[in-house]
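Source file: target27.cif (mmCIF, C-alpha atoms and all ligand atoms)
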data_coords
loop_
_atom_site.label_atom_id
_atom_site.label_comp_id
_atom_site.auth_asym_id
_atom_site.auth_seq_id
_atom_site.Cartn_x
_atom_site.Cartn_y
_atom_site.Cartn_z
CA MET A 8 74.61 90.41 120.66
CA LYS A 9 78.03 91.86 121.54
CA THR A 10 80.46 92.12 118.61
CA VAL A 11 84.15 91.23 118.57
CA GLN A 12 87.03 93.11 116.92
CA SER A 13 90.07 91.36 115.51
CA LYS A 14 93.41 92.19 117.13
CA VAL A 15 95.68 90.93 114.37
CA GLN A 16 96.20 92.66 111.01
CA PRO A 17 97.48 90.05 108.57
CA LEU A 18 97.52 92.38 105.59
CA VAL A 19 97.61 96.16 105.05
CA TRP A 20 97.08 97.88 101.68
CA LYS A 21 99.24 101.00 101.25
CA SER A 22 97.99 102.33 97.87
CA SER A 23 101.08 101.30 95.90
CA TYR A 24 102.23 98.26 97.87
CA LEU A 25 100.99 95.55 100.19
CA LEU A 26 102.24 94.74 103.67
CA ILE A 27 101.68 91.18 104.81
CA LEU A 28 102.38 89.65 108.19
CA ASP A 29 104.71 86.70 107.57
CA GLN A 30 102.69 83.95 109.26
CA ARG A 31 105.54 81.45 108.94
CA LEU A 32 107.34 83.29 111.73
CA LEU A 33 104.44 83.46 114.17
CA PRO A 34 103.95 83.35 117.07
CA HIS A 35 107.52 84.31 117.97
CA GLU A 36 108.23 87.02 115.42
CA LYS A 37 105.86 89.64 113.97
CA LYS A 38 107.47 90.72 110.72
CA TYR A 39 105.69 92.45 107.84
CA LEU A 40 106.86 91.85 104.26
CA LYS A 41 106.55 94.70 101.75
CA LEU A 42 105.24 93.43 98.40
CA THR A 43 105.50 95.79 95.44
CA ASP A 44 105.19 93.29 92.58
CA TYR A 45 102.24 90.95 91.92
CA LYS A 46 104.71 88.06 91.51
CA GLN A 47 105.79 88.57 95.13
CA VAL A 48 102.14 88.24 96.16
CA ILE A 49 101.83 84.95 94.24
CA LYS A 50 105.02 83.68 95.86
CA ALA A 51 103.80 84.72 99.33
CA ILE A 52 100.55 82.78 98.75
CA LYS A 53 102.35 79.68 97.40
CA ASP A 54 104.93 79.71 100.20
CA MET A 55 102.19 80.29 102.77
CA ALA A 56 103.59 83.52 104.18
CA LEU A 57 99.88 84.22 104.31
CA ARG A 58 97.15 81.62 104.07
CA GLY A 59 93.49 80.90 104.75
CA ALA A 60 90.91 80.84 101.96
CA PRO A 61 89.36 84.32 102.40
CA LEU A 62 92.69 86.02 103.11
CA ILE A 63 94.42 84.67 100.00
CA GLY A 64 91.42 85.88 97.96
CA ILE A 65 91.94 89.36 99.44
CA ALA A 66 95.71 89.23 98.83
CA ALA A 67 95.12 88.20 95.21
CA SER A 68 92.79 91.20 94.75
CA TYR A 69 95.50 93.62 95.86
CA GLY A 70 97.97 91.62 93.76
CA MET A 71 95.76 92.36 90.75
CA VAL A 72 96.06 96.10 91.55
CA LEU A 73 99.85 95.78 91.58
CA ALA A 74 99.75 93.90 88.26
CA ALA A 75 97.61 96.66 86.71
CA ILE A 76 100.00 99.35 87.97
CA GLN A 77 103.01 97.39 86.65
CA ARG A 78 101.40 96.89 83.22
CA SER A 79 99.62 100.24 82.85
CA LYS A 80 101.84 101.45 79.95
CA GLN A 81 100.49 98.76 77.62
CA ASN A 82 97.58 99.36 75.30
CA ILE A 83 94.16 98.55 76.75
CA GLN A 84 93.58 95.25 74.94
CA GLU A 85 97.01 94.00 75.95
CA LEU A 86 96.50 95.18 79.53
CA ILE A 87 93.19 93.33 79.87
CA LEU A 88 94.67 90.16 78.34
CA GLU A 89 97.67 90.41 80.69
CA LEU A 90 95.39 90.86 83.70
CA LYS A 91 93.38 87.78 82.68
CA SER A 92 96.58 85.80 82.54
CA VAL A 93 97.77 87.17 85.91
CA GLY A 94 94.32 86.25 87.28
CA GLU A 95 94.89 82.65 86.12
CA GLU A 96 98.26 82.62 87.91
CA PHE A 97 96.55 83.71 91.11
CA LYS A 98 93.80 81.09 90.73
CA GLN A 99 96.43 78.36 90.32
CA SER A 100 98.66 79.57 93.16
CA ARG A 101 96.65 77.49 95.64
CA PRO A 102 94.14 75.37 93.78
CA THR A 103 91.67 74.31 96.49
CA ALA A 104 90.54 77.62 98.01
CA VAL A 105 87.86 78.93 95.66
CA ASN A 106 88.00 82.44 97.15
CA LEU A 107 90.92 83.13 94.80
CA LYS A 108 88.75 82.44 91.76
CA TRP A 109 85.81 84.29 93.29
CA ALA A 110 87.88 87.45 93.88
CA VAL A 111 89.74 87.40 90.55
CA ASP A 112 86.53 86.80 88.56
CA LEU A 113 84.77 89.71 90.28
CA ILE A 114 87.70 91.97 89.34
CA LEU A 115 87.92 90.79 85.72
CA ASN A 116 84.19 91.25 85.35
CA ASP A 117 84.44 94.84 86.66
CA ILE A 118 87.13 95.89 84.18
CA ASN A 119 85.86 94.14 81.08
CA GLN A 120 84.24 97.24 79.59
CA ILE A 121 86.75 99.89 80.77
CA ASN A 122 89.08 101.38 78.15
CA ASP A 123 91.43 103.55 80.16
CA ALA A 124 94.40 102.22 82.18
CA LYS A 125 93.97 104.65 85.09
CA LYS A 126 90.28 103.81 85.36
CA ILE A 127 91.17 100.10 85.36
CA ILE A 128 93.60 100.61 88.25
CA ASP A 129 90.96 102.62 90.13
CA ALA A 130 88.27 99.99 89.53
CA ILE A 131 90.47 97.11 90.70
CA THR A 132 91.56 99.08 93.78
CA LYS A 133 87.95 99.85 94.64
CA ARG A 134 86.96 96.21 94.24
CA ALA A 135 89.95 94.93 96.25
CA ILE A 136 89.11 97.24 99.15
CA TRP A 137 85.47 96.14 98.90
CA ILE A 138 86.44 92.44 98.95
CA HIS A 139 88.60 93.09 102.03
CA GLU A 140 85.95 95.05 103.96
CA ASP A 141 83.14 92.78 102.82
CA ASP A 142 84.90 89.73 104.25
CA SER A 143 85.10 91.44 107.62
CA ILE A 144 81.33 92.03 107.58
CA ARG A 145 80.69 88.42 106.54
CA CYS A 146 82.84 87.17 109.44
CA GLN A 147 80.85 89.26 111.96
CA LYS A 148 77.58 87.79 110.67
CA ILE A 149 78.93 84.22 110.64
CA GLY A 150 80.09 84.78 114.22
CA LYS A 151 76.62 85.85 115.35
CA HIS A 152 74.77 83.00 113.61
CA GLY A 153 77.27 80.46 114.90
CA ALA A 154 77.22 81.78 118.46
CA LYS A 155 73.49 80.99 118.63
CA VAL A 156 74.24 77.34 117.81
CA ILE A 157 76.78 77.23 120.60
CA LYS A 158 74.37 78.84 123.06
CA GLN A 159 71.85 76.06 122.44
CA ILE A 160 74.26 73.36 123.61
CA ASN A 161 73.64 72.70 127.24
CA VAL A 162 76.26 70.88 129.24
CA GLY A 163 74.74 71.85 132.58
CA THR A 164 76.67 73.93 135.05
CA HIS A 165 79.32 71.41 136.07
CA ARG A 166 81.85 72.25 133.38
CA ASP A 167 82.73 74.61 130.53
CA LEU A 168 81.50 73.94 127.01
CA SER A 169 84.30 72.22 125.07
CA LEU A 170 84.77 72.97 121.41
CA LEU A 171 87.20 71.38 118.97
CA THR A 172 88.70 73.04 115.91
CA ILE A 173 91.46 72.37 113.39
CA CYS A 174 93.80 74.58 111.35
CA ASN A 175 93.50 78.37 111.63
CA THR A 176 90.32 80.16 110.66
CA GLY A 177 90.67 83.43 112.51
CA ALA A 178 91.86 86.98 111.82
CA LEU A 179 95.01 85.49 110.30
CA ALA A 180 92.96 83.64 107.69
CA THR A 181 90.35 86.26 106.77
CA GLY A 182 89.61 89.97 106.44
CA GLY A 183 87.89 90.07 109.84
CA ILE A 184 87.45 88.07 113.03
CA GLY A 185 87.45 84.76 111.21
CA THR A 186 84.98 82.02 110.32
CA ALA A 187 85.13 79.11 112.80
CA ILE A 188 87.24 81.23 115.15
CA GLY A 189 84.81 84.13 114.55
CA VAL A 190 82.05 81.84 115.85
CA ILE A 191 84.15 80.87 118.87
CA LEU A 192 85.10 84.51 119.69
CA THR A 193 81.51 85.73 119.38
CA ALA A 194 80.18 82.87 121.48
CA HIS A 195 82.84 83.50 124.12
CA LYS A 196 82.09 87.23 124.28
CA ASN A 197 78.38 86.59 124.76
CA TYR A 198 78.29 83.36 126.76
CA PRO A 199 81.52 82.90 128.72
CA GLY A 200 82.39 79.40 129.91
CA ILE A 201 83.91 78.09 126.70
CA LYS A 202 87.17 76.30 126.17
CA VAL A 203 88.67 75.16 122.91
CA PHE A 204 90.66 72.07 122.05
CA VAL A 205 92.96 72.94 119.15
CA ALA A 206 94.25 70.18 116.87
CA GLU A 207 97.89 70.97 116.09
CA THR A 208 97.27 70.46 112.32
CA ARG A 209 100.12 68.49 110.84
CA PRO A 210 102.19 69.16 108.85
CA ARG A 211 102.28 72.98 108.96
CA GLN A 212 100.96 73.35 112.51
CA GLN A 213 98.46 76.13 111.85
CA GLY A 214 96.54 75.02 114.96
CA ALA A 215 99.59 74.96 117.22
CA LYS A 216 101.25 78.11 115.90
CA LEU A 217 98.38 80.36 114.86
CA THR A 218 95.08 79.30 116.44
CA THR A 219 96.43 79.01 119.99
CA PHE A 220 98.11 82.41 119.48
CA GLU A 221 94.84 84.03 118.41
CA LEU A 222 92.75 82.38 121.12
CA ILE A 223 95.20 83.31 123.88
CA GLU A 224 95.35 86.91 122.58
CA ASN A 225 91.56 86.99 122.89
CA GLY A 226 91.57 85.57 126.41
CA ILE A 227 90.00 82.23 125.49
CA GLU A 228 91.13 79.08 127.27
CA CYS A 229 92.62 76.68 124.76
CA ILE A 230 94.22 73.28 125.01
CA LEU A 231 96.59 72.12 122.29
CA ILE A 232 96.30 68.46 121.27
CA THR A 233 97.84 66.32 118.57
CA ASP A 234 95.58 65.56 115.62
CA ALA A 235 95.49 61.91 116.71
CA THR A 236 94.10 62.84 120.16
CA CYS A 237 90.79 64.18 118.80
CA GLY A 238 89.06 60.79 118.56
CA TYR A 239 90.14 59.79 122.06
CA LEU A 240 88.66 62.94 123.61
CA MET A 241 85.46 62.65 121.59
CA HIS A 242 85.00 59.06 122.76
CA LYS A 243 85.57 60.12 126.38
CA GLY A 244 82.77 62.69 126.09
CA GLU A 245 85.11 65.67 126.41
CA ILE A 246 84.06 67.43 123.19
CA ASP A 247 80.62 69.05 122.84
CA LEU A 248 80.88 70.52 119.35
CA VAL A 249 83.31 70.62 116.43
CA VAL A 250 83.52 73.79 114.34
CA VAL A 251 85.91 74.21 111.41
CA GLY A 252 86.34 76.40 108.33
CA ALA A 253 86.25 75.56 104.63
CA ASP A 254 88.30 76.13 101.51
CA ARG A 255 85.53 75.19 99.11
CA VAL A 256 81.94 74.04 99.55
CA ALA A 257 80.47 72.11 96.61
CA ALA A 258 76.89 72.53 95.38
CA ASN A 259 75.78 69.46 97.39
CA GLY A 260 77.44 70.60 100.64
CA ASP A 261 80.53 68.37 100.43
CA THR A 262 83.31 70.49 101.90
CA ALA A 263 87.06 70.74 101.34
CA ASN A 264 88.99 71.83 104.40
CA LYS A 265 92.38 71.23 106.00
CA ILE A 266 93.59 67.65 105.86
CA GLY A 267 92.27 65.81 108.90
CA THR A 268 88.85 67.46 108.84
CA TYR A 269 87.14 64.40 107.30
CA GLN A 270 88.24 62.11 110.10
CA LEU A 271 87.00 64.63 112.68
CA ALA A 272 83.60 64.66 110.98
CA VAL A 273 83.32 60.85 110.91
CA LEU A 274 84.41 60.59 114.52
CA ALA A 275 81.97 63.33 115.51
CA LYS A 276 79.09 61.42 113.92
CA GLU A 277 80.16 58.15 115.58
CA ASN A 278 80.20 59.93 118.95
CA ASN A 279 76.97 61.97 118.44
CA ILE A 280 78.80 65.29 118.48
CA PRO A 281 77.52 68.17 116.30
CA PHE A 282 79.95 68.99 113.49
CA TYR A 283 79.68 72.47 111.92
CA ILE A 284 81.40 74.18 109.00
CA ALA A 285 81.68 78.00 109.14
CA ALA A 286 82.24 79.66 105.76
CA PRO A 287 81.26 82.77 103.80
CA LEU A 288 79.32 82.35 100.53
CA SER A 289 82.50 83.42 98.69
CA THR A 290 83.81 79.92 99.58
CA PHE A 291 80.89 78.15 97.85
CA ASP A 292 81.38 76.82 94.34
CA ARG A 293 78.24 75.77 92.52
CA LEU A 294 80.37 74.67 89.52
CA CYS A 295 81.57 71.77 91.67
CA LYS A 296 78.58 69.44 91.86
CA SER A 297 80.17 67.39 94.62
CA GLY A 298 83.41 67.08 96.54
CA ALA A 299 84.78 64.83 93.80
CA ASP A 300 85.05 67.93 91.57
CA ILE A 301 87.14 69.93 94.05
CA PRO A 302 90.86 70.02 93.17
CA ILE A 303 92.99 69.05 96.14
CA GLU A 304 96.38 70.71 96.49
CA GLU A 305 99.32 68.35 97.04
CA ARG A 306 102.26 70.09 98.67
CA GLN A 307 106.01 69.43 98.92
CA PRO A 308 107.20 66.23 100.69
CA GLU A 309 109.57 68.31 102.85
CA GLU A 310 106.60 69.61 104.83
CA ILE A 311 106.38 66.07 106.25
CA THR A 312 109.90 64.70 105.99
CA ASN A 313 111.54 67.73 107.67
CA ILE A 314 110.96 69.38 111.01
CA ASN A 315 112.47 72.86 111.47
CA ASP A 316 114.19 72.33 108.10
CA LYS A 317 115.95 69.17 109.36
CA PRO A 318 115.20 65.80 107.71
CA ILE A 319 113.68 63.29 110.13
CA CYS A 320 113.21 60.35 107.73
CA THR A 321 115.38 58.09 105.67
CA SER A 322 116.14 60.10 102.56
CA GLY A 323 114.15 59.11 99.49
CA VAL A 324 111.08 57.94 101.41
CA LYS A 325 107.90 58.19 99.32
CA VAL A 326 105.46 60.82 100.59
CA ARG A 327 101.85 61.89 99.92
CA ASN A 328 101.01 65.35 101.22
CA PRO A 329 97.48 66.45 100.29
CA ALA A 330 96.82 69.76 102.06
CA PHE A 331 93.03 69.30 102.21
CA ASP A 332 90.41 66.56 102.33
CA ILE A 333 86.72 66.34 101.53
CA THR A 334 84.04 65.92 104.16
CA PRO A 335 80.87 64.49 102.63
CA ALA A 336 77.78 66.57 103.41
CA LYS A 337 76.14 63.70 105.31
CA TYR A 338 78.57 64.23 108.18
CA ILE A 339 77.88 67.96 108.48
CA SER A 340 75.27 69.09 111.05
CA GLY A 341 75.11 72.58 109.54
CA ILE A 342 77.01 75.12 107.48
CA ILE A 343 77.17 78.52 109.19
CA THR A 344 77.16 81.32 106.60
CA GLU A 345 76.69 85.08 106.79
CA LYS A 346 73.09 84.56 105.64
CA GLY A 347 72.22 81.97 108.27
CA ILE A 348 72.73 78.27 108.89
CA LEU A 349 72.19 75.72 106.15
CA ARG A 350 70.94 72.28 107.18
CA GLY A 351 69.18 69.24 105.79
CA ASN A 352 68.99 69.20 102.00
CA TYR A 353 72.21 71.06 101.26
CA LYS A 354 71.74 70.95 97.50
CA GLU A 355 68.44 72.84 97.75
CA GLU A 356 69.59 75.13 100.55
CA ILE A 357 72.82 76.11 98.79
CA ASN A 358 71.06 76.71 95.50
CA LYS A 359 68.48 78.92 97.24
CA ILE A 360 71.02 80.96 99.19
CA LEU A 361 73.39 81.48 96.24
CA ASN A 362 70.48 82.68 94.10
CA GLN A 363 69.67 85.29 96.75
CA ALA A 364 73.26 86.49 97.26
CA VAL A 365 73.91 89.82 95.56
CA VAL A 366 77.40 91.12 94.87
CA VAL A 367 77.69 94.92 94.89
O1 LIG A 401 96.53 75.64 104.11
P1 LIG A 401 95.84 76.78 104.80
O2 LIG A 401 96.48 77.18 106.08
O3 LIG A 401 95.58 77.94 103.87
O4 LIG A 401 94.44 76.15 105.15
C1 LIG A 401 93.45 76.94 105.73
C2 LIG A 401 92.24 76.19 106.09
O5 LIG A 401 92.10 75.01 105.82
C3 LIG A 401 91.14 76.95 106.72
O6 LIG A 401 90.39 76.12 107.55
C4 LIG A 401 90.24 77.50 105.63
O7 LIG A 401 90.99 78.20 104.68
C5 LIG A 401 89.21 78.38 106.17
S1 LIG A 401 89.92 79.89 106.73
C6 LIG A 401 88.74 80.93 107.24
#
Turn the structure described in the file into structure tokens.
Ligand code: MRU
Amino acid sequence: MKTVQSKVQPLVWKSSYLLILDQRLLPHEKKYLKLTDYKQVIKAIKDMALRGAPLIGIAASYGMVLAAIQRSKQNIQELILELKSVGEEFKQSRPTAVNLKWAVDLILNDINQINDAKKIIDAITKRAIWIHEDDSIRCQKIGKHGAKVIKQINVGTHRDLSLLTICNTGALATGGIGTAIGVILTAHKNYPGIKVFVAETRPRQQGAKLTTFELIENGIECILITDATCGYLMHKGEIDLVVVGADRVAANGDTANKIGTYQLAVLAKENNIPFYIAAPLSTFDRLCKSGADIPIEERQPEEITNINDKPICTSGVKVRNPAFDITPAKYISGIITEKGILRGNYKEEINKILNQAVVV
């Protein structure tokens, strides 16, 4: 199967600082921010200058390198304690995406027995680069497994295959070609004749601003729709498959992803449309038995009450702004991972696959 390369570089490590593409300015401005302090990395994650579960895990890893460099004059015990506390700050910066915890825990585990500051910096740097490169490899594999699912869908020759996705799951959200977008790019490269409906993704518009940008850059036909249009098109028979990413997959397959994903899954089931999650195993959390255990981030009201920084509502209106929702496993046709596609009894399948997964 032909492979795809990502065209966008959302993050570049420069040995003593981190460059991140400020995604809040896309698609009209491509500006890199230079981050020299781990606190700037935390702020960039919280303010969503960069976002996407795998990518914030990668950013946190490089942030841990910066923290170690900044604190390297302390004695070893103090340094390790400080790094544990910085790790907690990273984990809390966006509470739903488990990749933050996954990356920070790998790093803390690596340095636990090291008693020299320089060696700690070297070990964290090595791990951060590994986490970054490893995510790229995972995305390639997810793309290939997922493309096979797409190939099997036959809509005859009278029209292109129509996919639907939400949020942004591509190169801007990962260390490689992306998860759900990785699947779409790989399928498109191998079996042309694919078009993608992109849900705009209120309130931050990741679909409208980022996903359409990535798909157009890769020469894939895409059609932007409002989130509320998805059900209408599904009912009219215009959607053949839904594929989305994940911020955390619980041990029973329940999945947290961008707010609005749950309703897509229910509507897909109602309309007999396959609904797939694409996610690396670094997004699975066996400590969460079900979706009920996944913390859901609630963000600032202004994301909803303001458009382009201008208030659009009566001031003082009450707002709820959960950034993610939970899709129960029963609505999911399959979870596309780098190790293959999980289906059926998710609890058993996830347990089996996580027991096999080896971290180097
Ligand atoms: O709030 P965001 O933009 O970080 O949300 C991102 C998503 O919900 C993605 O679908 C998810 O992180 C998977 S990215 C490969």
Query raised in the report: How many Å lie between atom CA of A:Cys229 and atom CA of A:Lys202, rounded to one decimal?
Result: 5.6 Å
Query - Near-ligand residues for ligand LIG 401 (chain A), threshold 7 Å, only C-alpha atoms and all ligand atoms, as a PyMOL selection string - result: chain A and resi 58-61+104+174-177+180-181+185-187+213+251-254+264-265+286+330-331
Query raised in the report: Closest to A:Leu179 among A:Cys320, A:Val250, A:Val366, A:Leu222, using all atoms listed in the file?
Result: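 Looking at the shortest contact to A:Leu179, the residue is A:Leu222.
Picture a line from atom CA of A:Asp29 to atom CA of A:Phe97; it runs 18.6 Å.
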**Report entry** Spatial neighbours of stretch 289-306 of chain A, 6 Å, all atoms listed in the file, chain gap at least 3 places, as a PyMOL selection string
**Finding:** chain A and resi 102-103+105-106+255-259+261+328-330
